[in-house]
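*Asks:* Provided below: run-v6.txt, containing compact mmCIF, C-alpha atoms.
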```
# COMPACT_ATOMS: atom_id res chain seq x y z
CA MET A 69 0.00 0.00 0.00
CA ILE A 70 2.75 2.43 1.06
CA CYS A 71 4.74 1.33 -1.93
CA LYS A 72 1.79 2.03 -4.25
CA TRP A 73 1.35 5.47 -2.64
CA LEU A 74 5.05 6.26 -3.13
CA ILE A 75 4.91 5.27 -6.79
CA LEU A 76 1.82 7.42 -7.31
CA LYS A 77 3.39 10.41 -5.52
CA HIS A 78 6.60 10.01 -7.47
CA SER A 79 4.83 9.71 -10.81
CA LYS A 80 2.78 12.82 -10.01
CA ARG A 81 5.99 14.75 -9.32
CA VAL A 82 7.58 13.55 -12.54
CA HIS A 83 4.39 14.45 -14.41
CA SER A 84 4.28 18.01 -13.03
CA TRP A 85 8.02 18.42 -13.67
CA LEU A 86 7.55 17.38 -17.27
CA LYS A 87 4.78 19.93 -17.75
CA MET A 88 6.83 22.81 -16.33
CA ALA A 89 7.97 25.09 -19.12
CA CYS A 90 10.38 27.95 -19.35
CA VAL A 91 8.56 31.18 -20.23
CA LEU A 92 10.23 34.43 -21.21
CA PHE A 93 8.55 37.85 -21.23
CA SER A 94 9.92 40.98 -22.91
CA ARG A 95 7.93 43.98 -21.62
CA PRO A 96 9.16 47.47 -22.47
CA ALA A 97 7.08 50.43 -21.28
CA ASP A 98 8.72 53.54 -22.66
CA ASP A 99 5.62 55.19 -24.15
CA VAL A 100 1.90 55.37 -23.44
CA THR A 101 0.91 52.49 -25.73
CA LEU A 102 3.62 50.18 -24.38
CA ASN A 103 2.64 51.17 -20.85
CA TYR A 104 -0.83 49.74 -21.53
CA LEU A 105 0.65 46.46 -22.80
CA TYR A 106 3.01 46.40 -19.81
CA TYR A 107 0.15 46.85 -17.36
CA TYR A 108 -2.05 44.21 -18.98
CA SER A 109 0.73 41.60 -19.18
CA LYS A 110 1.47 41.80 -15.43
CA SER A 111 -1.25 39.25 -14.75
CA LEU A 112 0.32 36.90 -17.32
CA VAL A 113 3.67 36.98 -15.52
CA ARG A 114 1.83 36.16 -12.29
CA LEU A 115 -0.09 33.35 -13.99
CA SER A 116 3.10 31.90 -15.44
CA ASN A 117 4.65 31.80 -11.97
CA SER A 118 1.54 30.33 -10.40
CA GLN A 119 1.45 27.59 -13.06
CA GLY A 120 4.90 26.54 -11.87
CA HIS A 121 6.70 27.56 -15.03
CA LYS A 122 10.23 28.86 -14.86
CA THR A 123 9.37 32.50 -15.55
CA ILE A 124 11.89 35.03 -16.81
CA ASN A 125 10.51 38.55 -16.92
CA LYS A 126 12.58 41.19 -18.66
CA GLU A 127 10.81 44.51 -18.35
CA LEU A 128 11.44 48.23 -18.88
CA ASN A 129 15.07 48.86 -19.87
CA GLU A 130 15.90 45.16 -19.43
CA ALA A 131 13.75 44.42 -22.47
CA ASN A 132 16.74 44.97 -24.73
CA MET A 133 18.39 42.97 -27.49
CA SER A 134 21.52 41.84 -25.70
CA LEU A 135 19.79 40.62 -22.55
CA VAL A 136 16.75 39.04 -24.18
CA THR A 137 18.61 37.26 -26.98
CA SER A 138 21.28 35.93 -24.61
CA LEU A 139 18.52 34.56 -22.36
CA ILE A 140 16.85 32.87 -25.33
CA ILE A 141 20.15 31.21 -26.23
CA LYS A 142 21.04 30.15 -22.67
CA GLN A 143 17.65 29.30 -21.18
CA LYS A 144 15.97 27.98 -24.34
CA PRO A 145 12.45 29.08 -23.34
CA ASN A 146 9.55 27.01 -24.64
CA LEU A 147 7.23 29.99 -24.74
CA ILE A 148 7.99 33.67 -25.35
CA MET A 149 5.84 36.76 -25.18
CA PHE A 150 7.07 39.96 -26.77
CA ASN A 151 5.32 43.26 -26.14
CA GLY A 152 6.70 46.06 -28.25
CA HIS A 153 6.58 48.05 -31.40
CA GLY A 154 7.09 46.11 -34.57
CA SER A 155 7.13 46.03 -38.32
CA PRO A 156 6.74 43.17 -40.84
CA ASN A 157 10.41 42.25 -40.30
CA GLU A 158 11.03 42.96 -36.65
CA ILE A 159 10.03 43.12 -32.99
CA CYS A 160 11.40 45.91 -30.80
CA GLY A 161 12.11 46.31 -27.12
CA HIS A 162 12.96 49.23 -24.84
CA ASN A 163 13.56 52.50 -26.69
CA GLN A 164 12.55 50.79 -29.93
CA GLU A 165 15.73 48.75 -30.08
CA ILE A 166 15.28 45.83 -32.47
CA ILE A 167 15.32 42.50 -30.57
CA ILE A 168 14.34 40.04 -33.29
CA SER A 169 14.66 40.72 -37.00
CA SER A 170 14.03 38.50 -40.00
CA LYS A 171 17.23 39.95 -41.45
CA ILE A 172 19.43 39.37 -38.38
CA ASN A 173 18.32 36.55 -36.11
CA PRO A 174 15.09 34.71 -37.10
CA ALA A 175 16.69 31.35 -36.16
CA ILE A 176 16.94 32.43 -32.51
CA LEU A 177 13.26 31.48 -32.11
CA LYS A 178 14.01 27.86 -33.05
CA ASP A 179 12.03 25.34 -30.93
CA THR A 180 9.89 28.06 -29.34
CA ILE A 181 6.26 29.03 -29.38
CA THR A 182 6.27 32.83 -29.65
CA TYR A 183 3.48 35.34 -29.24
CA ALA A 184 4.31 38.83 -30.47
CA LEU A 185 1.95 41.56 -29.34
CA SER A 186 3.45 43.98 -31.80
CA CYS A 187 2.49 45.47 -35.14
CA SER A 188 2.78 43.42 -38.32
CA SER A 189 5.58 41.10 -37.20
CA ALA A 190 3.61 38.02 -38.27
CA ALA A 191 3.69 39.24 -41.87
CA VAL A 192 7.34 38.44 -42.63
CA LEU A 193 9.22 37.64 -39.41
CA GLY A 194 6.61 35.03 -38.39
CA PRO A 195 6.96 32.81 -41.48
CA ASP A 196 10.74 33.38 -41.50
CA ALA A 197 11.03 32.25 -37.87
CA VAL A 198 9.04 29.09 -38.65
CA LYS A 199 11.22 28.38 -41.71
CA ASN A 200 14.18 28.66 -39.34
CA GLY A 201 12.84 26.14 -36.84
CA ALA A 202 10.32 27.98 -34.62
CA ILE A 203 7.49 25.65 -33.58
CA SER A 204 4.91 28.40 -33.88
CA PHE A 205 4.82 32.16 -34.26
CA ILE A 206 1.60 33.89 -33.27
CA GLY A 207 1.15 37.56 -34.00
CA TYR A 208 -0.46 40.21 -36.17
CA GLU A 209 0.00 40.56 -39.92
CA THR A 210 -1.31 44.11 -39.71
CA ASP A 211 -0.91 46.93 -37.20
CA PHE A 212 -2.23 46.05 -33.77
CA VAL A 213 -4.60 48.90 -32.93
CA LEU A 214 -5.32 49.94 -29.36
CA GLY A 215 -8.26 52.12 -28.38
CA LYS A 216 -8.18 54.36 -25.34
CA ASP A 217 -10.98 55.70 -23.20
CA PRO A 218 -10.64 59.50 -23.05
CA ASP A 219 -12.02 59.51 -19.49
CA SER A 220 -9.40 57.11 -18.16
CA GLU A 221 -6.63 59.74 -18.23
CA ALA A 222 -4.26 57.14 -19.70
CA SER A 223 -4.71 54.89 -16.67
CA PRO A 224 -4.82 51.34 -18.05
CA LYS A 225 -6.54 50.10 -14.90
CA HIS A 226 -9.58 52.33 -15.44
CA ASP A 227 -9.69 52.15 -19.22
CA LYS A 228 -12.90 50.42 -20.33
CA VAL A 229 -11.97 50.68 -24.01
CA ALA A 230 -8.40 49.35 -23.85
CA ARG A 231 -9.70 46.38 -21.86
CA LEU A 232 -11.79 45.30 -24.86
CA PHE A 233 -8.72 45.41 -27.11
CA LEU A 234 -6.27 43.74 -24.72
CA GLU A 235 -8.25 41.09 -22.84
CA PRO A 236 -8.52 38.77 -25.88
CA SER A 237 -4.75 38.99 -26.24
CA ASN A 238 -4.36 38.09 -22.56
CA GLU A 239 -6.78 35.21 -23.03
CA LEU A 240 -4.61 33.91 -25.86
CA PHE A 241 -1.42 33.86 -23.82
CA SER A 242 -3.18 32.55 -20.69
CA SER A 243 -4.40 29.60 -22.74
CA LEU A 244 -0.86 28.88 -23.92
CA LEU A 245 0.43 29.08 -20.33
CA LYS A 246 -2.21 26.56 -19.30
CA GLY A 247 -1.03 24.15 -21.96
CA LYS A 248 -3.70 24.72 -24.60
CA LYS A 249 -2.83 24.13 -28.24
CA VAL A 250 -1.79 27.12 -30.36
CA GLY A 251 -4.75 26.74 -32.74
CA ASP A 252 -7.25 26.57 -29.88
CA ALA A 253 -5.71 29.57 -28.09
CA VAL A 254 -5.87 31.69 -31.26
CA GLU A 255 -9.41 30.58 -32.03
CA LYS A 256 -10.58 31.52 -28.51
CA ALA A 257 -8.89 34.94 -28.71
CA LYS A 258 -10.54 35.59 -32.08
CA GLU A 259 -13.91 34.59 -30.67
CA ASP A 260 -13.39 37.02 -27.77
CA MET A 261 -12.38 39.79 -30.18
CA LEU A 262 -15.51 39.25 -32.25
CA ASN A 263 -17.66 39.27 -29.11
CA ASN A 264 -16.07 42.58 -28.13
CA VAL A 265 -16.69 43.99 -31.63
CA ASN A 266 -20.34 42.98 -31.26
CA TYR A 267 -20.44 44.62 -27.83
CA LEU A 268 -18.97 47.86 -29.23
CA ASN A 269 -21.49 47.77 -32.08
CA THR A 270 -24.48 47.39 -29.81
CA THR A 271 -23.75 48.79 -26.35
CA LYS A 272 -25.44 51.94 -25.15
CA SER A 273 -23.13 52.18 -22.13
CA PHE A 274 -20.87 54.76 -23.75
CA PRO A 275 -21.71 56.74 -26.88
CA THR A 276 -18.33 56.50 -28.62
CA ALA A 277 -18.23 52.67 -28.48
CA ILE A 278 -19.26 52.10 -32.09
CA TYR A 279 -16.34 54.12 -33.48
CA TYR A 280 -13.81 51.69 -31.99
CA ALA A 281 -15.42 48.59 -33.51
CA PRO A 282 -13.77 48.66 -37.00
CA PHE A 283 -10.34 48.98 -35.42
CA LEU A 284 -10.80 46.02 -33.09
CA PHE A 285 -12.14 44.08 -36.08
CA GLY A 286 -8.82 44.88 -37.80
CA ASN A 287 -6.98 43.14 -34.94
CA TYR A 288 -9.32 40.16 -35.35
CA LEU A 289 -8.46 39.89 -39.04
CA GLY A 290 -4.74 40.42 -38.45
CA LEU A 291 -4.22 37.76 -35.77
CA VAL A 292 -2.57 34.64 -37.22
CA ALA A 293 -0.45 31.68 -36.19
CA HIS A 294 2.34 30.32 -38.37
CA GLY A 295 3.73 26.85 -37.82
CA ASP A 296 2.23 24.00 -35.83
CA ASN A 297 -1.31 24.74 -34.68
CA GLU A 298 -1.34 21.52 -32.63
CA ALA A 299 1.68 22.57 -30.57
CA SER A 300 1.49 23.35 -26.87
CA ILE A 301 3.97 23.70 -24.01
CA ASN A 302 2.92 20.33 -22.60
CA MET B 141 -10.62 46.37 -64.87
CA SER B 142 -8.54 49.22 -66.25
CA LYS B 143 -5.98 51.18 -64.25
CA ASN B 144 -8.22 54.23 -64.37
CA GLU B 145 -11.20 52.27 -63.05
CA ASN B 146 -9.08 50.89 -60.19
CA LYS B 147 -7.91 54.39 -59.34
CA GLU B 148 -11.49 55.60 -59.37
CA ILE B 149 -12.56 52.79 -57.00
CA ASP B 150 -9.67 53.60 -54.67
CA GLU B 151 -10.76 57.23 -54.61
CA ILE B 152 -14.35 56.21 -53.80
CA LYS B 153 -13.10 53.96 -50.96
CA LYS B 154 -11.00 56.81 -49.64
CA GLU B 155 -13.98 59.18 -49.67
CA ILE B 156 -16.19 56.63 -47.88
CA VAL B 157 -13.56 56.13 -45.18
CA LEU B 158 -12.89 59.85 -44.80
CA GLU B 159 -16.61 60.46 -44.34
CA ARG B 160 -16.71 57.75 -41.67
CA LEU B 161 -13.69 59.21 -39.90
CA ARG B 162 -15.29 62.67 -39.91
CA GLN B 163 -18.11 61.23 -37.77
CA ILE B 164 -15.71 60.15 -35.03
CA PRO B 165 -15.79 62.50 -32.02
CA PRO B 166 -12.41 64.10 -31.20
CA ASN B 167 -12.16 62.36 -27.83
CA VAL B 168 -11.88 58.90 -29.45
CA LYS B 169 -8.18 57.97 -29.36
CA LEU B 170 -6.40 55.14 -31.15
CA SER B 171 -2.83 53.94 -31.25
CA PHE B 172 -1.59 52.20 -34.36
CA GLY B 173 1.50 50.87 -32.67
CA SER B 174 3.49 53.26 -34.76
CA LYS B 175 6.93 53.75 -33.31
CA SER B 176 6.03 56.91 -31.41
CA GLY B 177 3.35 55.04 -29.44
CA GLU B 178 1.12 58.11 -29.57
CA PHE B 179 -2.65 57.89 -29.48
CA MET B 180 -4.27 59.67 -32.41
CA SER B 181 -7.55 61.55 -32.61
CA SER B 182 -9.83 61.48 -35.65
CA ASP B 183 -8.18 64.63 -37.07
CA LYS B 184 -4.86 62.82 -37.23
CA LEU B 185 -6.48 59.70 -38.73
CA ILE B 186 -8.05 61.87 -41.43
CA GLU B 187 -4.69 63.48 -42.13
CA GLU B 188 -3.06 60.05 -42.51
CA VAL B 189 -5.73 58.96 -45.02
CA GLU B 190 -5.62 62.22 -46.97
CA ARG B 191 -1.84 62.04 -47.25
CA ASN B 192 -1.96 58.36 -48.37
CA THR B 193 0.52 57.32 -45.69
CA LYS B 194 1.11 53.69 -44.70
CA ILE B 195 -1.20 54.10 -41.70
CA GLY B 196 -3.74 55.90 -43.91
CA LYS B 197 -3.83 52.95 -46.31
CA LYS B 198 -4.24 50.54 -43.38
CA ILE B 199 -7.13 52.61 -42.05
CA ILE B 200 -8.85 52.38 -45.45
CA ASP B 201 -8.27 48.61 -45.62
CA LEU B 202 -9.63 47.89 -42.15
CA GLN B 203 -12.63 50.21 -42.48
CA MET B 204 -13.55 48.63 -45.82
CA ALA B 205 -13.08 45.11 -44.40
CA TYR B 206 -15.37 46.07 -41.54
CA LEU B 207 -18.05 47.40 -43.90
CA LYS B 208 -17.86 44.26 -46.04
CA ALA B 209 -18.22 42.06 -42.94
CA PHE B 210 -21.13 44.19 -41.81
CA LYS B 211 -22.83 43.76 -45.18
CA LYS B 212 -22.25 40.00 -45.03
CA GLY B 213 -23.95 39.91 -41.63
CA SER B 214 -20.83 38.83 -39.76
CA PHE B 215 -21.82 40.84 -36.70
CA MET B 216 -24.69 40.46 -34.30
CA ALA B 217 -27.60 42.81 -34.99
```
Would it be possible to restate this file's structure as C-alpha cells?

*Replies:*
Amino acid sequence: MICKWLILKHSKRVHSWLKMACVLFSRPADDVTLNYLYYYSKSLVRLSNSQGHKTINKELNEANMSLVTSLIIKQKPNLIMFNGHGSPNEICGHNQEIIISSKINPAILKDTITYALSCSSAAVLGPDAVKNGAISFIGYETDFVLGKDPDSEASPKHDKVARLFLEPSNELFSSLLKGKKVGDAVEKAKEDMLNNVNYLNTTKSFPTAIYYAPFLFGNYLGLVAHGDNEASIN
Amino acid sequence: MSKNENKEIDEIKKEIVLERLRQIPPNVKLSFGSKSGEFMSSDKLIEEVERNTKIGKKIIDLQMAYLKAFKKGSFMA
C-alpha cells in the first residue's frame, strides 16, 4: 500500500516536472501604448509563476536585445511573449531597439512558441522564424490597434476601451500558459475579439463605443499563427 | 478592370472612409503601434488617409473590411 502510494506520488511529481515550461517575457514600457501592454501583461507573468513555469521577466530597460537574446540562447524558453513596437520584419524592445529581425536573427526562435503583441511582425518575421525552426509564431499581420478611453486619463486600470482590445490577447497567452494548443488559443482569442466587436457595435453604455469597432475588427483579421497549430507547451 | 477604373474605385473607398472618420468624435483615441506610441484623434487619422501614408492605407483597408463584414452579416444585430 505504502509502496503504491510512493509510486503514485513520485509519478505525479515527474508528471508536473515534465509539464513545467520555461517562459520568457519581454515587456518594455517607454511610451503610453507600451505602458498599456506592460500593465495588462502583469497578470500573465503572475499566472506563469503560479502555473509553476520557470518564468523570466525582462521589463522596462531590461527588455533589450543583448539581454533578451542571450537569455533565449542560454535558457531555451519554450514559450515567449514579446510586447513592443514592430514592423513586418522585426520586434522591438525598450527604446525601440530591435530585438528580433528576420534579417538578423530569425533562427533564434528555433524550438519556441512565440506570441508577439506587436504590429505586423507576423507578416514576414513570423513565417521566417518558422522556416528557421520555430514551432509556432503567433502575431499580427497588420498593425495592432489599441483604443483608449478619453475619461481614463491614460490609466490602463480604469480604461474600459483598452480592456476590450487587450483582454482577448491576454486570453490567448493565458491559454498557452495553461497548456492549450496554439490553434485553440488563437481561435478563442478571435472569438473574444468578435464578441467585443459585437459589444462595441451594440452597447449603449458609452456613446463612442461604435467608433472603436472597426479597429478592433482589424486586430481580429490580423491575428494569425504560423507553424504548428497543434503545438502546446505540454 | 482598367488602371483608371481601379484608381477611381480607390478614390471612392478613400472618400467613404474619410466620411466615416469625420463622424468620429475628437475624444476617441487610437494607437496604431506606430513607433512613437502616440494615441491619435480622428483629425490625425483623417490626415493620414488624406496624405496616403502607410497608416492611412491601413485605415482604409480595415474600415472597408469592416463594412464588407457588416454587409455580409458577420456581426450580431

*Asks:* Given all atoms listed in the file as the basis, pick out the residue of A:Val192, A:Ala222, A:Ile140, A:Ile167 nearest to chain B.

*Replies:* A:Ala222

*Asks:* In Å, rounded to a single decimal, give me how far CA of His294 (chain A) is from CA of Ala197 (chain A).

*Replies:* 8.9 Å

*Asks:* Once you count all atoms listed in the file, what closest atom pair and distance in Å to one decimal does each residue of chain B within 8 Å of chain A have, with rows by chain and rising residue number, as CSV?

*Replies:*
```
residue,atom,partner,partner_atom,distance
B:Ile164,CA,A:Tyr279,CA,6.3
B:Pro165,CA,A:Thr276,CA,7.3
B:Asn167,CA,A:Pro218,CA,5.8
B:Val168,CA,A:Pro218,CA,6.5
B:Lys169,CA,A:Lys216,CA,5.4
B:Leu170,CA,A:Gly215,CA,4.5
B:Ser171,CA,A:Leu214,CA,5.1
B:Phe172,CA,A:Val213,CA,4.7
B:Gly173,CA,A:His153,CA,5.9
B:Ser174,CA,A:His153,CA,6.9
B:Lys175,CA,A:His153,CA,6.0
B:Ser176,CA,A:Asp99,CA,7.5
B:Gly177,CA,A:Thr101,CA,5.1
B:Glu178,CA,A:Val100,CA,6.8
B:Phe179,CA,A:Thr101,CA,7.5
B:Lys198,CA,A:Asp211,CA,7.9
B:Leu202,CA,A:Gly286,CA,5.4
B:Gln203,CA,A:Pro282,CA,5.8
B:Ala205,CA,A:Gly286,CA,7.9
B:Tyr206,CA,A:Pro282,CA,5.5
B:Phe215,CA,A:Asn266,CA,6.0
B:Met216,CA,A:Asn266,CA,5.9
B:Ala217,CA,A:Thr270,CA,7.6
```

*Asks:* Counting all atoms listed in the file, I want the residues whose atoms come within 12 Å of (21.1, 34.4, -22.7) in the file frame, returned as a PyMOL selection string.

*Replies:* chain A and resi 92+124+126+132-145+176

*Asks:* Once 3 Å is added on each side, what centre and edge lengths in Å to one decimal does the axis-aligned box around all listed atoms of region 91-105 of chain A have, as JSON?

*Replies:*
```
{"center_x": 4.7, "center_y": 43.3, "center_z": -23.0, "size_x": 17.1, "size_y": 30.2, "size_z": 11.5}
```

*Asks:* Just to confirm, what's the straight-line distance from CA of Phe241 (chain A) to CA of Asp201 (chain B) in Å (one decimal)?

*Replies:*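 It comes out at 27.2 Å.
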
*Asks:* Can you list, as number ranges by chain, every protein, DNA or RNA residue that comes within 8 Å of Ile186 (chain B) when you count only C-alpha atoms, leaving out same-chain residues fewer than 5 positions away?

*Replies:* B: 158, 161-162, 196

*Asks:* Take the residues just selected and output them with C-alpha atoms as a PDB file, keeping the file's coordinate frame.

*Replies:*
```pdb
ATOM      1  CA  LEU B 158     -12.890  59.850 -44.800  1.00  0.00           C
ATOM      2  CA  LEU B 161     -13.690  59.210 -39.900  1.00  0.00           C
ATOM      3  CA  ARG B 162     -15.290  62.670 -39.910  1.00  0.00           C
ATOM      4  CA  GLY B 196      -3.740  55.900 -43.910  1.00  0.00           C
TER       5      GLY B 196
END
```

*Asks:* Using CA of Leu177 (chain A) and CA of Asp260 (chain A) as the two end points, give the distance in Å to one decimal.

*Replies:* 27.6 Å

*Asks:* Mind checking which residues fall within 9 Å of Pro174 (chain A), counting only C-alpha atoms, ignoring those fewer than 5 positions away in the same chain, and posting them as a list in words?

*Replies:*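 Everything that qualifies: Ile168, Ser169, Leu193, Gly194, Asp196, Ala197, Val198, Lys199, Asn200, Gly201 and Ala202 of chain A.
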
*Asks:* Just give me the residues with any atom within 9 Å of (-1.2, 30.5, -24.1), file coordinates, counting only C-alpha atoms, written as a ChimeraX atom specification.

*Replies:* /A:147,183,238-250,253-254,300-301

*Asks:* Which of these, A:Ser237, A:Ser94, A:Ser111, A:Ser189, has the shortest distance to Asn129 (chain A) once you count only C-alpha atoms?

*Replies:*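 Comparing A:Ser237, A:Ser94, A:Ser111, A:Ser189 against Asn129 (chain A), the winner is A:Ser94.
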
*Asks:* Show which residues sit within 7 Å of region 224-226 of chain A, as number ranges by chain. Count all atoms listed in the file, and ignore same-chain residues fewer than 2 positions away.

*Replies:* A: 104, 107, 220, 222, 228

*Asks:* Choose the residue, out of B:Lys211, B:Asn146, B:Glu188, B:Ser182, that has the smallest atom-to-atom separation from Arg160 (chain B); count only C-alpha atoms.

*Replies:*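 That would be B:Ser182, the residue with the smallest distance to Arg160 (chain B).
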
*Asks:* Which is closest to Ile206 (chain A) among A:Met261, A:Ile172, A:Leu232, A:Val292, if we use all atoms listed in the file?

*Replies:*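 The answer is A:Val292, which sits nearest to Ile206 (chain A).
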
*Asks:* Using all atoms listed in the file, can you tell me which of A:Asn117, A:Asn151, A:Ser170, A:Thr123 comes closest to Leu234 (chain A)?

*Replies:* A:Asn151
